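Visitor: Structure: structure24.txt, compact mmCIF, C-alpha atoms.
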# COMPACT_ATOMS: atom_id res chain seq x y z
CA MET A 276 59.15 -91.94 148.12
CA LEU A 277 60.99 -89.74 150.62
CA ILE A 278 59.46 -86.54 149.25
CA ILE A 279 55.95 -88.01 149.50
CA LEU A 280 56.72 -89.31 153.01
CA PHE A 281 57.97 -85.94 154.28
CA ILE A 282 54.97 -84.07 152.84
CA TYR A 283 52.64 -86.63 154.41
CA LEU A 284 54.34 -86.30 157.82
CA TYR A 285 54.23 -82.51 157.62
CA TYR A 286 50.48 -82.41 157.07
CA THR A 287 49.84 -85.23 159.55
CA LEU A 288 51.75 -83.49 162.34
CA ASP A 289 50.60 -79.96 161.41
CA LYS A 290 48.17 -78.71 164.05
CA ASN A 291 46.61 -76.27 161.59
CA LYS A 292 44.06 -78.62 159.99
CA LYS A 293 42.96 -76.01 157.46
CA ARG A 294 46.22 -76.41 155.53
CA LYS A 295 45.58 -80.15 155.19
CA TYR A 296 42.00 -79.57 154.04
CA TRP A 297 43.16 -77.07 151.40
CA LEU A 298 45.68 -79.61 150.10
CA ILE A 299 42.99 -82.32 149.92
CA ALA A 300 40.59 -79.91 148.20
CA GLY A 301 43.25 -78.90 145.68
CA ILE A 302 44.15 -82.48 144.72
CA THR A 303 40.45 -83.43 144.54
CA PHE A 304 39.73 -80.50 142.22
CA ASP A 305 42.70 -81.43 140.03
CA MET A 306 41.58 -85.07 139.90
CA VAL A 307 38.05 -84.14 138.81
CA VAL A 308 39.19 -81.59 136.19
CA VAL A 309 41.71 -84.03 134.71
CA GLY A 310 39.04 -86.76 134.72
CA ILE A 311 36.49 -84.60 132.89
CA ASN A 312 38.96 -83.44 130.23
CA THR A 313 40.27 -86.98 129.76
CA PHE A 314 36.71 -88.22 129.27
CA ILE A 315 36.11 -85.52 126.64
CA GLN A 316 39.35 -86.41 124.82
CA LEU A 317 38.41 -90.11 124.88
CA LEU A 318 35.19 -89.23 123.09
CA ILE A 319 37.34 -87.64 120.38
CA ASN A 320 39.81 -90.53 120.20
CA PRO A 321 39.13 -93.75 122.19
CA ASN A 322 42.85 -94.65 121.96
CA ALA A 323 44.06 -91.34 123.38
CA VAL A 324 45.00 -92.58 126.87
CA ARG A 325 46.71 -95.79 125.75
CA TRP A 326 48.67 -94.09 122.99
CA ALA A 327 49.72 -91.18 125.21
CA SER A 328 50.77 -93.61 127.98
CA THR A 329 53.32 -95.28 125.69
CA GLY A 330 55.32 -92.07 125.39
CA SER A 331 56.16 -93.17 121.87
CA THR A 332 56.54 -90.44 119.25
CA GLU A 333 54.94 -92.80 116.73
CA TYR A 334 51.69 -92.79 118.71
CA LEU A 335 51.83 -89.22 120.03
CA ASP A 336 52.07 -87.89 116.47
CA ARG A 337 48.63 -89.40 115.81
CA LEU A 338 47.05 -87.41 118.65
CA THR A 339 47.22 -83.95 117.12
CA ASP A 340 43.54 -83.37 117.93
CA ILE A 341 43.95 -84.12 121.66
CA ASN A 342 44.26 -81.44 124.39
CA PHE A 343 47.03 -82.64 126.73
CA SER A 344 46.94 -79.62 129.07
CA VAL A 345 44.98 -81.53 131.76
CA PHE A 346 45.00 -85.11 130.56
CA GLY A 347 45.28 -88.40 132.45
CA THR A 348 47.55 -91.22 131.32
CA TYR A 349 48.13 -94.55 133.08
CA VAL A 350 49.64 -92.82 136.15
CA TYR A 351 46.36 -90.98 136.69
CA PHE A 352 44.22 -94.09 136.31
CA TYR A 353 46.34 -96.29 138.58
CA GLY A 354 46.55 -93.46 141.08
CA VAL A 355 42.81 -92.81 141.41
CA ILE A 356 42.19 -96.50 142.18
CA ALA A 357 43.23 -95.69 145.75
CA TYR A 358 40.63 -92.94 145.99
CA MET A 359 37.91 -95.07 144.40
CA LEU A 360 38.46 -97.72 147.06
CA TYR A 361 38.15 -95.07 149.75
CA LEU A 362 34.91 -93.80 148.15
CA ILE A 363 33.40 -97.28 148.50
CA PHE A 364 34.45 -97.36 152.16
CA TYR A 365 32.98 -93.88 152.71
CA ILE A 366 29.68 -94.88 151.07
CA LYS A 367 29.51 -98.07 153.16
CA LYS A 368 29.97 -96.00 156.31
CA LYS A 369 27.10 -93.75 155.14
CA GLY A 370 29.14 -90.56 155.21
CA LYS A 371 27.48 -87.16 155.02
CA TYR A 372 28.25 -86.77 151.30
CA SER A 373 27.64 -90.38 150.23
CA LEU A 374 25.56 -89.37 147.21
CA ILE A 375 28.36 -87.17 145.86
CA ALA A 376 30.85 -89.95 146.60
CA ALA A 377 28.71 -92.47 144.70
CA CYS A 378 28.45 -90.17 141.67
CA LEU A 379 32.21 -89.60 141.68
CA TYR A 380 32.87 -93.35 141.97
CA ILE A 381 30.55 -94.11 139.05
CA PHE A 382 32.16 -91.38 136.94
CA LEU A 383 35.68 -92.68 137.61
CA PHE A 384 34.59 -96.26 136.92
CA ILE A 385 33.05 -95.25 133.58
CA LEU A 386 36.23 -93.30 132.81
CA ASN A 387 38.28 -96.48 133.37
CA ILE A 388 35.98 -98.35 131.01
CA LYS A 389 36.39 -95.64 128.36
CA ALA A 390 40.18 -95.80 128.78
CA SER A 391 40.08 -99.63 128.49
CA TYR A 392 42.22 -100.29 131.58
CA SER A 393 41.15 -103.87 132.18
CA ILE A 394 43.55 -104.61 135.07
CA ALA A 395 42.49 -101.43 136.85
CA LEU A 396 38.81 -102.35 136.43
CA LEU A 397 39.37 -105.85 137.84
CA ILE A 398 41.30 -104.49 140.83
CA ILE A 399 38.63 -101.85 141.51
CA ALA A 400 35.77 -104.37 141.28
CA PHE A 401 37.46 -107.06 143.38
CA PHE A 402 38.70 -104.83 146.19
CA SER A 403 35.50 -102.77 146.27
CA PHE A 404 33.73 -106.06 146.93
CA LEU A 405 36.18 -106.89 149.75
CA ILE A 406 35.62 -103.47 151.32
CA VAL A 407 31.84 -103.92 151.28
CA ILE A 408 32.17 -107.35 152.93
CA PHE A 409 35.02 -106.88 155.40
CA CYS A 410 35.22 -103.19 156.34
CA ASP A 411 33.05 -103.50 159.39
CA GLU A 412 33.63 -103.25 163.10
CA LYS A 413 32.35 -106.81 163.42
CA ASN A 414 34.26 -109.14 161.15
CA ASN A 415 32.95 -112.61 161.90
CA TYR A 416 33.65 -116.15 160.70
CA PHE A 417 30.54 -116.15 158.52
CA LYS A 418 32.06 -113.47 156.28
CA ILE A 419 35.31 -115.42 155.97
CA ALA A 420 33.40 -118.59 155.07
CA PHE A 421 31.34 -116.61 152.57
CA ILE A 422 34.46 -115.29 150.84
CA ILE A 423 35.96 -118.80 150.68
CA VAL A 424 32.78 -120.15 149.05
CA ILE A 425 32.73 -117.25 146.57
CA ALA A 426 36.42 -117.80 145.77
CA ILE A 427 35.84 -121.51 145.07
CA LEU A 428 32.86 -120.70 142.85
CA MET A 429 34.86 -118.05 140.99
CA ILE A 430 37.54 -120.60 140.08
CA PHE A 431 34.93 -122.44 138.02
CA LEU A 432 33.00 -119.37 136.85
CA LEU A 433 35.87 -117.08 135.77
CA PRO A 434 36.25 -118.60 132.26
CA THR A 435 32.51 -118.12 131.64
CA ILE A 436 32.47 -114.60 133.09
CA PHE A 437 35.41 -113.43 131.00
CA ASN A 438 34.08 -115.16 127.89
CA THR A 439 30.77 -113.32 128.37
CA LEU A 440 32.59 -109.99 128.69
CA ALA A 441 34.59 -110.78 125.55
CA ASN A 442 31.33 -111.09 123.62
CA ILE A 443 29.74 -107.82 124.76
CA VAL A 444 29.99 -105.71 121.61
CA THR A 445 29.40 -102.40 123.43
CA LEU A 446 32.71 -102.76 125.31
CA SER A 447 35.92 -101.48 123.76
CA ASN A 448 38.01 -103.84 121.65
CA ASP A 449 40.85 -103.67 124.20
CA ILE A 450 38.65 -104.81 127.09
CA ARG A 451 37.05 -107.55 125.00
CA MET A 452 40.49 -108.75 123.88
CA ARG A 453 41.81 -108.85 127.48
CA ALA A 454 38.67 -110.65 128.63
CA GLY A 455 39.13 -113.23 125.88
CA GLU A 456 42.74 -113.78 126.93
CA MET A 457 41.74 -114.22 130.57
CA SER A 458 38.98 -116.65 129.58
CA LYS A 459 41.57 -118.78 127.76
CA PHE A 460 44.03 -118.53 130.66
CA PHE A 461 41.56 -119.61 133.35
CA SER A 462 40.22 -122.35 131.05
CA GLY A 463 43.71 -123.78 130.73
CA ASN A 464 43.86 -123.02 127.00
CA SER A 465 46.90 -121.62 125.21
CA ILE A 466 47.50 -117.87 125.40
CA SER A 467 50.46 -118.02 123.04
CA GLY A 468 51.07 -114.76 121.21
CA THR A 469 48.79 -112.70 123.45
CA GLU A 470 49.68 -109.63 125.51
CA MET A 471 48.86 -111.62 128.64
CA GLU A 472 51.57 -114.18 127.76
CA TYR A 473 54.02 -111.32 127.14
CA ARG A 474 53.26 -109.81 130.56
CA ILE A 475 53.62 -113.16 132.35
CA LEU A 476 57.01 -113.67 130.68
CA LEU A 477 58.11 -110.22 131.88
CA TYR A 478 57.03 -110.97 135.46
CA ASN A 479 58.89 -114.29 135.31
CA ASP A 480 62.04 -112.56 134.06
CA GLY A 481 62.06 -110.32 137.13
CA PHE A 482 61.78 -113.21 139.58
CA LYS A 483 64.22 -115.39 137.60
CA SER A 484 66.75 -112.57 137.60
CA PHE A 485 66.43 -112.34 141.40
CA PHE A 486 67.03 -116.06 141.97
CA ASP A 487 69.65 -116.50 139.25
CA THR A 488 71.76 -113.73 140.81
CA TYR A 489 71.43 -115.24 144.30
CA GLY A 490 69.25 -112.35 145.42
CA LEU A 491 71.73 -109.65 144.37
CA GLY A 492 69.99 -108.47 141.19
CA ASN A 493 71.32 -107.95 137.69
CA GLN A 494 72.79 -104.56 138.55
CA ILE A 495 75.52 -106.48 140.38
CA ILE A 496 75.54 -109.82 138.56
CA LYS A 497 74.73 -109.26 134.91
CA THR A 498 72.10 -111.53 133.35
CA ASN A 499 70.41 -111.84 129.97
CA TYR A 500 67.06 -110.83 131.44
CA ILE A 501 65.72 -107.51 130.23
CA LEU A 502 63.46 -105.84 132.78
CA HIS A 503 61.04 -103.67 130.83
CA GLY A 504 59.45 -101.60 133.58
CA HIS A 505 56.03 -103.24 133.21
CA SER A 506 55.87 -103.97 136.94
CA THR A 507 57.35 -102.72 140.20
CA ILE A 508 58.06 -105.61 142.58
CA PRO A 509 59.40 -108.14 140.00
CA ASP A 510 61.54 -105.43 138.36
CA LEU A 511 62.92 -104.15 141.67
CA LEU A 512 63.81 -107.66 142.83
CA GLY A 513 65.30 -108.54 139.45
CA SER A 514 67.33 -105.34 139.21
CA PHE A 515 68.43 -104.66 142.79
CA GLY A 516 67.77 -107.96 144.59
CA ILE A 517 67.86 -107.75 148.37
CA PHE A 518 68.90 -104.10 148.14
CA SER A 519 65.34 -103.24 147.10
CA ILE A 520 64.40 -103.93 150.73
CA THR A 521 64.23 -100.16 151.26
CA TYR A 522 61.07 -100.08 149.15
CA PHE A 523 59.42 -102.81 151.22
CA LEU A 524 60.52 -101.19 154.49
CA PHE A 525 58.95 -97.94 153.31
CA ILE A 526 55.65 -99.70 152.60
CA LYS A 527 55.74 -101.56 155.93
CA ASN A 528 56.64 -98.57 158.12
CA PHE A 529 54.31 -96.20 156.30
CA THR A 530 51.37 -98.57 156.75
CA GLN A 531 52.10 -99.02 160.46
CA TYR A 532 52.27 -95.27 161.00
CA PHE A 533 49.16 -94.74 158.86
CA LYS A 534 47.19 -97.26 160.96
CA SER A 535 48.32 -95.64 164.20
CA ASN A 536 46.73 -92.34 163.14
CA VAL A 537 43.21 -93.55 162.35
CA PRO A 538 40.28 -94.87 164.42
CA SER A 539 40.08 -98.66 164.77
CA PHE A 540 37.08 -99.03 162.42
CA ARG A 541 39.18 -97.68 159.53
CA LYS A 542 42.08 -100.10 160.01
CA SER A 543 40.38 -102.88 158.04
CA PHE A 544 40.19 -100.48 155.07
CA ILE A 545 43.94 -99.79 155.35
CA SER A 546 44.67 -103.54 155.21
CA ILE A 547 42.69 -103.86 151.98
CA TRP A 548 44.26 -100.64 150.65
CA LEU A 549 47.72 -102.13 151.26
CA LEU A 550 46.86 -105.48 149.68
CA SER A 551 45.47 -103.79 146.56
CA TYR A 552 48.60 -101.63 146.19
CA LEU A 553 50.94 -104.63 146.51
CA LEU A 554 48.97 -106.60 143.92
CA LEU A 555 49.10 -103.66 141.53
CA ALA A 556 52.85 -103.32 142.21
CA VAL A 557 53.31 -106.91 141.02
CA LEU A 558 51.26 -106.31 137.88
CA ASN A 559 52.13 -102.71 136.96
CA PRO A 560 54.69 -99.92 137.44
CA MET A 561 53.57 -98.13 140.62
CA LEU A 562 56.56 -95.93 141.52
CA SER A 563 55.47 -92.91 139.47
CA ALA A 564 55.30 -89.62 141.38
CA THR A 565 51.62 -89.17 140.50
CA ILE A 566 50.70 -92.70 141.58
CA MET A 567 52.65 -92.39 144.84
CA LEU A 568 51.00 -89.02 145.52
CA TYR A 569 47.52 -90.57 145.35
CA TRP A 570 48.37 -93.74 147.28
CA PHE A 571 50.70 -92.41 149.98
CA LEU A 572 49.69 -88.79 150.44
CA TYR A 573 46.21 -87.92 149.20
CA VAL A 574 44.21 -90.98 150.31
CA PRO A 575 45.99 -91.37 153.70
CA LEU A 576 45.28 -87.70 154.49
CA VAL A 577 41.64 -88.12 153.41
CA VAL A 578 41.24 -91.26 155.55
CA GLN A 579 42.73 -89.46 158.58
CA SER A 580 40.47 -86.41 158.14
Starting from the coordinates I provided, produce the structure as structure tokens.
Guide:
Amino acid sequence: MLIILFIYLYYTLDKNKKRKYWLIAGITFDMVVVGINTFIQLLINPNAVRWASTGSTEYLDRLTDINFSVFGTYVYFYGVIAYMLYLIFYIKKKGKYSLIAACLYIFLFILNIKASYSIALLIIAFFSFLIVIFCDEKNNYFKIAFIIVIAILMIFLLPTIFNTLANIVTLSNDIRMRAGEMSKFFSGNSISGTEMEYRILLYNDGFKSFFDTYGLGNQIIKTNYILHGHSTIPDLLGSFGIFSITYFLFIKNFTQYFKSNVPSFRKSFISIWLLSYLLLAVLNPMLSATIMLYWFLYVPLVVQS
């Protein structure tokens, strides 16, 4: 986090703007090249990303036909979410290169579908919708009321929506399986034995470890909870308790500084950007160097440009 922070501050305070633009251009080029190669490799083996992301020798040995030289695993996909959200904001503001931005957004969205990252797709869709509705200089009560009505309707419609997705045969088996699990969950049916149940148990273990150790974490007071690294916030709280406050202070202070360096009409985007990151940090590991680079260096510099 400190390395990312210092690089961000260097380019933010640097009066030579060309250096910042070259950095942005370099990361953008890398992101596109990795995305294209990953798409090609997914055409060869649809399981390539998921198997490679496990880091397991058992799975990696099956990927002998895959070119890993410029290949995106989960850290790439959960990193580019930040940029995809910015692309939606840029398109909404009718930027000069909106057509290119739209094409890039569509490509990255299709890439997520090919990789079968269901949580990433849901986060992208939901927060893209929020950006379209709320990222405006005039946020009025009608929009808030509209969101409340939509949220109430979604409570009743989610089981049907996910059940419909689960029955679309053109989607990957992974996405259909996750959609089926979510349909059962929001319908109040049993999800026993599913990956969703396993994830919920892991999240619970992190929070239980925090409370059972009186907020000190199991690094100080040993518990029987095993924190598997499937999330960030529950695992940090469960492992380090109140001492993980440094992570939250970093997020808080970074966001405040970030907001202070952008025009007022972009501050609503930063609020949604922050909310999406925190939700992902509850659901997934988000402390990877690649993920942090996208969320706390690349996108903030792009937004400030």
Visitor: Between A:Asn479, A:Ser373, A:Asn387, A:Ser467, single out the one closest to Ile356 (chain A), counting only C-alpha atoms.
Guide: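 Ranking A:Asn479, A:Ser373, A:Asn387, A:Ser467 by distance to Ile356 (chain A), first place goes to A:Asn387.
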Visitor: Compile the contact shell of Tyr361 (chain A) as a PyMOL selection string: residues with an atom at most 8 Å away, counting all atoms listed in the file, same-chain residues fewer than 4 positions apart removed.
Guide: chain A and resi 357+365+544+574+578
Visitor: Which residue is closest to Met359 (chain A)? Choose from A:Leu432, A:Ile311, A:Gln579, A:Tyr573 and count all atoms listed in the file.
Guide: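 For Met359 (chain A), the nearest of the given residues is A:Tyr573.
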Visitor: Quick check, in Å to one decimal: how far apart do CA of Tyr522 (chain A) and CA of Phe352 (chain A) lie?
Guide: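 Separating CA of Tyr522 (chain A) from CA of Phe352 (chain A) is a distance of 22.0 Å.
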Visitor: Near Ile436 (chain A), within 10 Å and counting only C-alpha atoms, which residues show up once chain neighbours fewer than 3 positions away are dropped, as number ranges by chain?
Guide: A: 429, 431-433, 439-441, 454-455, 457-458
